$ cat target.txt   # compact mmCIF, C-alpha atoms and all ligand atoms
# COMPACT_ATOMS: atom_id res chain seq x y z
CA MET A 229 2.29 20.73 5.47
CA LEU A 230 0.68 17.59 4.01
CA GLU A 231 1.03 18.98 0.51
CA GLY A 232 4.75 19.64 0.96
CA LYS A 233 5.34 16.14 2.29
CA ALA A 234 3.34 14.60 -0.56
CA ILE A 235 5.40 16.55 -3.10
CA LEU A 236 8.65 15.49 -1.43
CA ALA A 237 7.52 11.84 -1.44
CA ALA A 238 6.58 12.09 -5.14
CA ARG A 239 10.06 13.44 -5.94
CA ILE A 240 11.66 10.63 -3.95
CA ARG A 241 9.58 8.08 -5.90
CA GLU A 242 11.01 9.61 -9.10
CA LEU A 243 14.46 9.39 -7.56
CA ILE A 244 13.97 5.70 -6.76
CA GLU A 245 12.65 4.97 -10.24
CA LEU A 246 15.52 6.78 -11.95
CA THR A 247 18.11 5.18 -9.66
CA VAL A 248 16.87 1.78 -10.81
CA LEU A 249 16.86 2.77 -14.48
CA VAL A 250 19.97 4.92 -14.83
CA ASP A 251 23.44 3.95 -15.89
CA GLY A 252 26.30 6.39 -16.25
CA PRO A 253 29.76 7.40 -15.15
CA GLU A 254 30.95 7.06 -11.54
CA SER A 255 31.23 10.85 -11.32
CA MET A 256 27.51 11.25 -12.01
CA PHE A 257 26.62 8.74 -9.28
CA ALA A 258 29.00 10.46 -6.85
CA GLU A 259 27.50 13.89 -7.52
CA ALA A 260 23.95 12.59 -7.18
CA ALA A 261 24.81 10.78 -3.92
CA ASP A 262 26.31 13.99 -2.48
CA ARG A 263 23.19 15.96 -3.33
CA VAL A 264 20.93 13.32 -1.80
CA ALA A 265 23.09 13.41 1.34
CA ALA A 266 22.37 17.15 1.57
CA VAL A 267 18.63 16.45 1.45
CA VAL A 268 18.99 13.74 4.11
CA SER A 269 20.66 16.23 6.44
CA ILE A 270 17.77 18.71 6.02
CA LEU A 271 15.27 16.02 7.08
CA ARG A 272 17.46 14.67 9.89
CA ALA A 273 17.80 18.15 11.38
CA ALA A 274 14.00 18.44 11.48
CA THR A 275 13.20 15.23 13.41
CA ASP A 276 13.96 13.70 16.80
CA SER A 277 12.89 10.25 15.56
CA GLU A 278 15.59 7.66 15.10
CA PRO A 279 15.52 5.99 11.67
CA GLY A 280 14.41 2.36 11.98
CA VAL A 281 12.85 2.70 15.43
CA PRO A 282 9.14 1.78 15.28
CA ALA A 283 7.16 5.00 15.37
CA GLY A 284 3.72 3.40 15.90
CA ARG A 285 1.97 5.96 13.74
CA GLY A 286 -1.54 4.79 14.61
CA TRP A 287 -4.76 4.09 12.79
CA PRO A 288 -6.48 4.56 10.45
CA PRO A 289 -3.78 4.64 7.75
CA GLY A 290 -2.69 8.18 6.97
CA VAL A 291 -0.15 10.07 4.90
CA ASP A 292 2.72 7.86 6.06
CA ASP A 293 1.01 4.50 5.43
CA ALA A 294 3.16 1.88 3.69
CA LEU A 295 0.66 1.25 0.88
CA GLU A 296 -1.58 4.31 0.59
CA GLY A 297 0.40 7.09 2.24
CA VAL A 298 0.98 9.93 -0.23
CA GLY A 299 3.73 11.13 2.11
CA ASN A 300 5.50 7.75 2.19
CA PRO A 301 7.85 7.33 -0.79
CA LEU A 302 7.69 3.54 -0.44
CA ALA A 303 3.90 3.61 -0.93
CA PRO A 304 3.12 3.38 -4.70
CA PRO A 305 0.69 5.01 -3.43
CA MET A 306 -2.57 3.09 -3.52
CA ILE A 307 -5.52 5.46 -4.04
CA ILE A 308 -8.54 4.21 -2.13
CA GLY A 309 -11.85 5.09 -3.76
CA HIS A 310 -15.21 5.50 -2.20
CA PRO A 311 -17.14 2.27 -1.69
CA GLY A 312 -19.29 1.49 -4.68
CA GLU A 313 -17.38 3.99 -6.81
CA SER A 314 -16.40 1.47 -9.45
CA GLY A 315 -17.56 -1.81 -7.95
CA ALA A 316 -20.70 -3.27 -6.47
CA ASP A 317 -22.05 -2.03 -3.15
CA GLY A 318 -19.90 -3.07 -0.24
CA GLU A 319 -16.76 -3.27 -2.32
CA VAL A 320 -13.71 -1.18 -1.81
CA ALA A 321 -12.20 0.06 -5.06
CA ALA A 322 -8.63 1.27 -5.36
CA LEU A 323 -6.18 2.33 -8.04
CA VAL A 324 -2.46 1.76 -7.91
CA THR A 325 0.40 2.14 -10.38
CA LEU A 326 3.65 0.30 -9.78
CA GLY A 327 6.98 1.18 -11.41
CA SER A 328 10.25 -0.34 -12.54
CA ALA A 329 11.45 -0.40 -8.94
CA HIS A 330 8.66 -2.91 -8.23
CA GLU A 331 9.73 -5.34 -10.95
CA GLY A 332 10.03 -9.04 -10.17
CA ALA A 333 10.23 -11.29 -13.21
CA PRO A 334 11.34 -9.23 -16.23
CA GLY A 335 8.63 -6.79 -17.31
CA ARG A 336 6.14 -7.66 -14.58
CA ALA A 337 5.43 -6.61 -11.02
CA HIS A 338 7.08 -8.54 -8.18
CA GLY A 339 4.71 -11.04 -6.59
CA GLY A 340 5.47 -9.70 -3.12
CA TRP A 341 4.19 -6.27 -4.10
CA VAL A 342 1.12 -7.89 -5.64
CA ALA A 343 0.50 -9.70 -2.34
CA ALA A 344 1.05 -6.49 -0.34
CA ILE A 345 -1.58 -4.69 -2.44
CA LEU A 346 -4.04 -7.55 -1.95
CA ASP A 347 -3.31 -7.68 1.80
CA HIS A 348 -4.01 -3.98 2.09
CA ALA A 349 -7.17 -4.31 0.01
CA VAL A 350 -8.66 -7.02 2.23
CA GLY A 351 -7.70 -4.95 5.31
CA ARG A 352 -9.53 -1.99 3.85
CA ALA A 353 -12.57 -4.13 3.05
CA ALA A 354 -12.76 -5.47 6.60
CA ALA A 355 -12.49 -1.95 7.99
CA GLN A 356 -15.09 -0.70 5.51
CA ALA A 357 -17.43 -3.45 6.74
CA GLY A 358 -16.95 -2.21 10.32
CA SER A 359 -14.58 -5.00 11.40
CA PRO A 360 -11.02 -3.67 11.20
CA GLY A 361 -8.56 -6.45 11.77
CA MET A 362 -5.22 -7.98 11.05
CA THR A 363 -4.65 -10.53 8.33
CA VAL A 364 -3.85 -13.96 9.80
CA SER A 365 -4.01 -15.80 6.49
CA LEU A 366 -3.64 -14.61 2.89
CA THR A 367 -3.80 -16.97 -0.08
CA VAL A 368 -2.71 -15.36 -3.35
CA ASP A 369 -3.31 -16.78 -6.83
CA TYR A 370 -1.22 -15.30 -9.61
CA HIS A 371 -3.22 -15.82 -12.80
CA ARG A 372 -1.19 -13.82 -15.30
CA ALA A 373 1.45 -11.10 -15.36
CA THR A 374 0.63 -8.02 -13.29
CA PRO A 375 2.12 -5.13 -15.27
CA TYR A 376 3.79 -2.03 -13.92
CA GLY A 377 3.60 1.44 -15.44
CA VAL A 378 -0.17 1.23 -15.91
CA PRO A 379 -2.98 1.87 -13.41
CA LEU A 380 -4.23 -1.33 -11.79
CA ASP A 381 -7.81 -1.68 -10.58
CA VAL A 382 -8.07 -3.24 -7.15
CA ARG A 383 -11.37 -4.54 -5.75
CA SER A 384 -12.02 -6.08 -2.34
CA ARG A 385 -14.93 -6.95 -0.12
CA ARG A 386 -15.87 -8.74 3.10
CA VAL A 387 -17.32 -12.11 2.19
CA ASP A 388 -18.35 -13.50 5.57
CA GLN A 389 -17.79 -13.20 9.28
CA ALA A 390 -17.68 -15.72 12.14
CA GLY A 391 -17.03 -14.26 15.57
CA ARG A 392 -13.78 -12.31 15.41
CA LYS A 393 -12.87 -13.87 12.06
CA VAL A 394 -13.58 -11.90 8.90
CA PHE A 395 -13.31 -13.56 5.50
CA ALA A 396 -12.50 -11.28 2.61
CA SER A 397 -11.40 -11.47 -1.01
CA ALA A 398 -9.67 -9.15 -3.44
CA GLU A 399 -8.53 -8.96 -7.04
CA ILE A 400 -6.17 -6.89 -9.17
CA LEU A 401 -7.38 -6.20 -12.70
CA THR A 402 -5.90 -4.61 -15.77
CA ASP A 403 -7.82 -4.16 -19.03
CA GLY A 404 -10.72 -5.88 -17.30
CA GLN A 405 -8.74 -9.09 -16.73
CA VAL A 406 -7.87 -10.42 -13.29
CA THR A 407 -4.10 -10.77 -12.91
CA ALA A 408 -4.07 -11.86 -9.26
CA SER A 409 -6.65 -12.65 -6.61
CA ALA A 410 -6.62 -13.41 -2.92
CA THR A 411 -8.75 -14.83 -0.17
CA ALA A 412 -7.97 -13.84 3.38
CA THR A 413 -8.90 -14.39 6.98
CA LEU A 414 -8.59 -11.39 9.29
CA VAL A 415 -9.07 -11.26 13.03
CA THR A 416 -10.87 -8.18 14.28
CA VAL A 417 -9.16 -5.82 16.66
CA ARG A 418 -12.01 -4.58 18.81
CA ALA A 419 -10.16 -1.56 20.17
CA LEU A 420 -9.97 -0.23 16.62
CA ALA A 421 -13.50 -1.05 15.49
CA ASN A 422 -14.99 2.25 16.62
CA LYS A 423 -12.08 4.21 15.11
CA ALA A 424 -11.93 2.70 11.66
CA GLY A 425 -15.25 1.29 10.55
CA GLY A 426 -16.28 2.58 7.17
CA GLU A 427 -14.19 5.73 7.32
CA ARG A 428 -11.64 6.89 4.86
CA PRO A 429 -8.79 8.70 6.53
CA GLY A 430 -9.03 12.42 6.04
CA PRO A 431 -6.09 14.57 5.04
CA GLY A 432 -3.50 14.61 7.78
CA SER A 433 -5.38 12.07 9.88
CA ASP A 434 -2.36 9.88 10.52
C1 LIG B 1 -3.16 -3.17 13.15
C2 LIG B 1 -4.61 -3.49 13.08
C3 LIG B 1 -5.22 -3.28 11.78
C4 LIG B 1 -6.54 -2.63 11.93
C5 LIG B 1 -6.94 -1.82 10.77
C6 LIG B 1 -7.63 -0.57 11.20
C7 LIG B 1 -7.68 0.48 10.14
C8 LIG B 1 -8.41 0.01 8.95
C9 LIG B 1 -8.16 0.80 7.78
C10 LIG B 1 -7.54 0.28 6.74
C11 LIG B 1 -6.90 -1.07 6.76
C12 LIG B 1 -5.81 -1.13 5.76
C13 LIG B 1 -5.07 -2.43 5.77
C14 LIG B 1 -4.14 -2.51 6.93
C15 LIG B 1 -3.25 -3.66 6.81
C16 LIG B 1 -2.15 -3.58 7.80
C17 LIG B 1 -2.20 -4.64 8.81
C18 LIG B 1 -1.33 -5.80 8.44
O1 LIG B 1 -0.29 -5.63 7.89
S1 LIG B 1 -1.88 -7.32 8.82
C19 LIG B 1 -0.64 -8.43 8.17
C20 LIG B 1 0.21 -9.00 9.22
N1 LIG B 1 -0.57 -9.72 10.21
C21 LIG B 1 -0.19 -9.78 11.46
O2 LIG B 1 0.82 -9.25 11.85
C22 LIG B 1 -1.05 -10.60 12.38
C23 LIG B 1 -0.22 -11.51 13.27
N2 LIG B 1 -1.10 -12.26 14.16
C24 LIG B 1 -1.45 -11.79 15.35
O3 LIG B 1 -0.95 -10.75 15.83
C25 LIG B 1 -2.47 -12.59 16.09
O4 LIG B 1 -2.76 -13.76 15.35
C26 LIG B 1 -3.79 -11.80 16.28
C27 LIG B 1 -3.58 -10.68 17.36
C28 LIG B 1 -4.30 -11.18 14.99
C29 LIG B 1 -4.87 -12.74 16.77
O5 LIG B 1 -4.40 -13.37 17.91
P1 LIG B 1 -5.42 -13.67 19.11
O6 LIG B 1 -4.62 -14.38 20.16
O7 LIG B 1 -6.14 -12.42 19.53
O8 LIG B 1 -6.52 -14.59 18.45
P2 LIG B 1 -6.55 -16.19 18.23
O9 LIG B 1 -7.40 -16.75 19.30
O10 LIG B 1 -5.19 -16.76 18.00
O11 LIG B 1 -7.29 -16.28 16.81
C30 LIG B 1 -8.62 -15.76 16.65
C31 LIG B 1 -9.31 -16.65 15.64
O12 LIG B 1 -8.60 -16.59 14.39
C32 LIG B 1 -8.20 -17.93 13.96
N3 LIG B 1 -6.91 -17.88 13.30
C33 LIG B 1 -5.76 -17.44 13.78
N4 LIG B 1 -4.79 -17.57 12.90
C34 LIG B 1 -5.34 -18.13 11.81
C35 LIG B 1 -4.84 -18.49 10.51
N5 LIG B 1 -3.56 -18.32 10.19
N6 LIG B 1 -5.71 -19.00 9.63
C36 LIG B 1 -7.02 -19.17 9.92
N7 LIG B 1 -7.55 -18.83 11.13
C37 LIG B 1 -6.72 -18.32 12.03
C38 LIG B 1 -8.12 -18.71 15.29
O13 LIG B 1 -8.29 -20.11 15.03
C39 LIG B 1 -9.29 -18.13 16.06
O14 LIG B 1 -10.47 -18.69 15.55
P3 LIG B 1 -11.68 -19.16 16.59
O15 LIG B 1 -12.13 -17.86 17.24
O16 LIG B 1 -11.04 -20.08 17.59
O17 LIG B 1 -12.69 -19.77 15.68

$ encode --input "target.txt" --output "structure tokens"
Amino acid sequence: MLEGKAILAARIRELIELTVLVDGPESMFAEAADRVAAVVSILRAATDSEPGVPAGRGWPPGVDDALEGVGNPLAPPMIIGHPGESGADGEVAALVTLGSAHEGAPGRAHGGWVAAILDHAVGRAAAQAGSPGMTVSLTVDYHRATPYGVPLDVRSRRVDQAGRKVFASAEILTDGQVTASATATLVTVRALANKAGGERPGPGSD
């Protein structure tokens, strides 16, 4: 079930990428659009959910998550590693590869996607530290171009805590150089603390 959805989402990511890149005759676009419409009708027939209506999929992030969900075609997806896997203890390490569809300035990733990755990374770090919360402030510094088409290393960690406020930081690196960094303040959501602290979501946990 999860595997099938992940494969479908991977195909749709290819479709998005190629749609951005391709040029060709009107007839080719028309044929492709018809075939995509056929796929849409398969999925529509299988769900009662209305497109665009908030589904409230719950926590922790699962297969449909906007950044790390392997079943969400909009998610690059971001692959969350085990704590300490490639960073110091207490860090969350992640890998993510963006594509042409994420381009901002020519040849580089859009700054909004860079910020989204950093936002997710600080959220993960707060949860990893046992204080899952929502970002109330995110300051992003763009140091150099963040490329797409290559794996990006993402590191984040909780820096400090004061009451419900959690302070965290994160960076994106490529070839060992920081392309963008962020500092963030998150406010803990107590109802989620016992559900999310330090746990990676398991397969199908969404
Ligand atoms: C959904 C929960 C997530 C939990 C995660 C669990 C699973 C973990 C696993 C994996 C994580 C992966 C990552 C997930 C990421 C996805 C989540 C996002 O996309 S977050 C981005 C969008 N952010 C919002 O939409 C927040 C909007 N803001 C709010 O809803 C409210 O501000 C809220 C509920 C967060 C807090 O409101 P109040 O009324 O409860 O609290 P008040 O009293 O206003 O603030 C508490 C303290 O924070 C300070 N504060 C508030 N805003 C601030 C700001 N902008 N800058 C600095 N401090 C601020 C205040 O001054 C106060 O500090 P003093 O206790 O008095 O010292």

$ residues_near_point --input "target.txt" --point "(5.9, 3.8, -15.9)" --cutoff "7 Å" --atoms "all atoms listed in the file" --output "ChimeraX atom specification"
/A:327-328,376-378

$ axis_aligned_box --input "target.txt" --around "ligand LIG 1 (chain B)" --padding-each-side "5 Å" --output "AutoDock Vina command-line options"
--center_x -5.9 --center_y -9.7 --center_z 13.0 --size_x 23.5 --size_y 30.9 --size_z 24.4

$ closest_residue --input "target.txt" --among "A:Ala412, A:Val267, A:Val406, A:Val320" --to "Leu236 (chain A)" --atoms "only C-alpha atoms"
A:Val267

$ residues_around --input "target.txt" --residues "Met306 (chain A)" --least-positions-apart "2" --cutoff "12 Å" --atoms "only C-alpha atoms" --output "count of residues only"
37

$ residues_near_ligand --input "target.txt" --ligand "ligand LIG 1 (chain B)" --cutoff "7 Å" --atoms "all atoms listed in the file" --output "VMD selection string"
chain A and resid 287 to 289 347 to 352 355 360 to 365 391 to 393 413 415 417 420 424

$ closest_residue --input "target.txt" --among "A:Ala354, A:Ile400, A:Val264, A:Val387" --to "Leu414 (chain A)" --atoms "only C-alpha atoms"
A:Ala354

$ residues_around --input "target.txt" --residues "Ala408 (chain A)" --least-positions-apart "3" --cutoff "9 Å" --atoms "all atoms listed in the file" --output "number ranges by chain"
A: 342-343, 346, 368-374, 398-401

$ write_last_selection --input "target.txt" --atoms "C-alpha atoms" --output "PDB file, in the coordinates of the input"
ATOM      1  CA  VAL A 342       1.120  -7.890  -5.640  1.00  0.00           C
ATOM      2  CA  ALA A 343       0.500  -9.700  -2.340  1.00  0.00           C
ATOM      3  CA  LEU A 346      -4.040  -7.550  -1.950  1.00  0.00           C
ATOM      4  CA  VAL A 368      -2.710 -15.360  -3.350  1.00  0.00           C
ATOM      5  CA  ASP A 369      -3.310 -16.780  -6.830  1.00  0.00           C
ATOM      6  CA  TYR A 370      -1.220 -15.300  -9.610  1.00  0.00           C
ATOM      7  CA  HIS A 371      -3.220 -15.820 -12.800  1.00  0.00           C
ATOM      8  CA  ARG A 372      -1.190 -13.820 -15.300  1.00  0.00           C
ATOM      9  CA  ALA A 373       1.450 -11.100 -15.360  1.00  0.00           C
ATOM     10  CA  THR A 374       0.630  -8.020 -13.290  1.00  0.00           C
ATOM     11  CA  ALA A 398      -9.670  -9.150  -3.440  1.00  0.00           C
ATOM     12  CA  GLU A 399      -8.530  -8.960  -7.040  1.00  0.00           C
ATOM     13  CA  ILE A 400      -6.170  -6.890  -9.170  1.00  0.00           C
ATOM     14  CA  LEU A 401      -7.380  -6.200 -12.700  1.00  0.00           C
TER      15      LEU A 401
END

$ atom_distance --input "target.txt" --atom1 "CA of Asp251 (chain A)" --atom2 "CA of Arg272 (chain A)"
28.6 Å

$ atom_distance --input "target.txt" --atom1 "CA of Glu319 (chain A)" --atom2 "CA of Ile235 (chain A)"
29.7 Å

$ atom_distance --input "target.txt" --atom1 "CA of Ala390 (chain A)" --atom2 "CA of Gly318 (chain A)"
17.8 Å
